[in-house]
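What follows is one structure encoded as structure tokens, with my remarks underneath.
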Amino acid sequence: MAKLYYDSDADLNALKGKTLAVLGYGSQGRAQAQNLHDSGVNVVVGARKGGKSWKQATADGLKVASVEEACKQAQIIMVLIPDDQQVEVYTRDILPNLTKGKALYFSHGFNVHYYQVVPPDDVDVIMIAPKSPGDLVRRMYRDGKGVPGLLAVYRDATGKAKQTALAIARGIGCTKAGVIETTFKEETETDLFGEQCDLCGGVTSMIKTSFNMMVEYGYQPEVAYFEALNELKLIVDLIFERGITGLWRNVSDIAQYGGLTRGPELWDDHVKETMHDIMRRIQNGEFAREWVLENTANRAVFKTLTRQDEESLLEQVGAELRAMMPWTQEGAKK
């Protein structure tokens, strides 16, 4: 049974007298820095002087310093820059200032779990991973609520690593909703598997395959777009709000019967074996090695596949249809 922690389990006083350096001021970095600041925690944002993040953090009323200076000042260094940039920043700015007793904080465990970042033995290594985008982390905090999160301790050098992690979780609002205890291994591997087989890889491939097949059968691309992609949001919203059984209660009986009987035909033993293979490559480090090498090769595969998606009929038709919908970003521009 999962172990959950709430506000009553977390004490913000664990951060009293400490400076937290937030490195990275994107979606998560900005939200976590602002929430911690509003919770009374001493936060300094590490950024390139005069850069976009520097200007944004200053406008938000936060203290800002160079990445190197922020790491010198801080007892807790929060690494919230993109995964592919972490190793360079860690080597150049963090490690020289990572003295005994400090804490290194992440919101995703990829680089630690796969040994791209190898912290010294005398520092704490912790994680709080909010299970939502940064803008929702901020919005829920401002509404007096919170989003769920994951908590992990990779190394407890001081004996207070978990206490520190829980305090940060409370500072950013996660303990209002509940924080589940996990490990860097579990968070990293389930996150990658979910992205590849379901959230990003599985669902987009399903959309593209369904759309292309309807077009091949002679149906209008516009009609195929609505069936394959547009209506998916409505279905996912129902599942998110009410669960799968709630979905069945809110669609037609013929839709439910078709889904219950035909869905398992799609997810047959061949598909399951492919998913097992994807999980094996995540667990044995093969995918991590592939991604690290991809970044050293100027992302040739990444850029090629992205361009193919951008130039596809699905995206061309979608852009035209979304421009007709005032509730979408593209429609709102008209």
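Ordering of the structure tokens sets the chain letters (A, B, ...), residue numbers begin anew at 1 in every chain, and ligands are numbered from 1 in the order given.
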Residue contacts of Tyr225 in chain A (12 Å, only C-alpha atoms) excluding same-chain residues fewer than 6 positions away, as a ChimeraX atom specification: /A:207-215,219,231-232,313-322
Shell around Leu15 in chain A at 7 Å using only C-alpha atoms, local window under 5 positions removed, as a list in words: Val41, Thr164 and Ala167 of chain A
Non-local contacts of range 183-195 of chain A (7 Å; only C-alpha atoms; under 3 positions in same chain excluded) as a list in words: His108, Gly109, Phe110, His113, Ala152, Val153, Tyr154, Asp198, Leu199, Cys200, Gly201, Met279, Ile282 and Gln283 of chain A
Proximity to Glu181 in chain A - best of A:Val117, A:Met1, A:Ser27, A:Asp277, only C-alpha atoms: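 Answer, going by the shortest atom-to-atom distance: A:Met1.
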Within 8 Å of range 125-142 of chain A using only C-alpha atoms, minus same-chain residues under 5 positions, as a PyMOL selection string: chain A and resi 27-32+34-35+103-109+119+147-156+161-162+165+168-169+172-174+184
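Take CA of Pro82 in chain A and CA of Gly26 in chain A: the distance between them is 8.8 Å.
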DSSP helix (DSSP H, G or I) residues within range 104-234 of chain A, listed as a PyMOL selection string: chain A and resi 110-113+134-142+161-172+174-177+184-199+201-216+221-234
Just want the 12 Å neighbourhood of Phe302 in chain A, counted on only C-alpha atoms, with same-chain residues fewer than 5 positions away dropped. Output as a PDB file with C-alpha atoms, in the first residue's frame.
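Saved to around20.pdb:
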```
ATOM      1  CA  GLU A 290      19.896   6.159 -26.839  1.00  0.00           C
ATOM      2  CA  TRP A 291      18.622   9.560 -25.634  1.00  0.00           C
ATOM      3  CA  VAL A 292      22.034  10.681 -24.396  1.00  0.00           C
ATOM      4  CA  LEU A 293      23.613   9.722 -27.734  1.00  0.00           C
ATOM      5  CA  GLU A 294      20.776  11.425 -29.631  1.00  0.00           C
ATOM      6  CA  ASN A 295      21.661  14.693 -27.919  1.00  0.00           C
ATOM      7  CA  THR A 296      25.338  14.330 -28.874  1.00  0.00           C
ATOM      8  CA  ALA A 297      24.287  13.829 -32.525  1.00  0.00           C
ATOM      9  CA  ARG A 307       9.333  17.630 -38.941  1.00  0.00           C
ATOM     10  CA  GLN A 308       7.399  14.675 -40.369  1.00  0.00           C
ATOM     11  CA  ASP A 309       4.635  15.256 -37.846  1.00  0.00           C
TER      12      ASP A 309
END
```
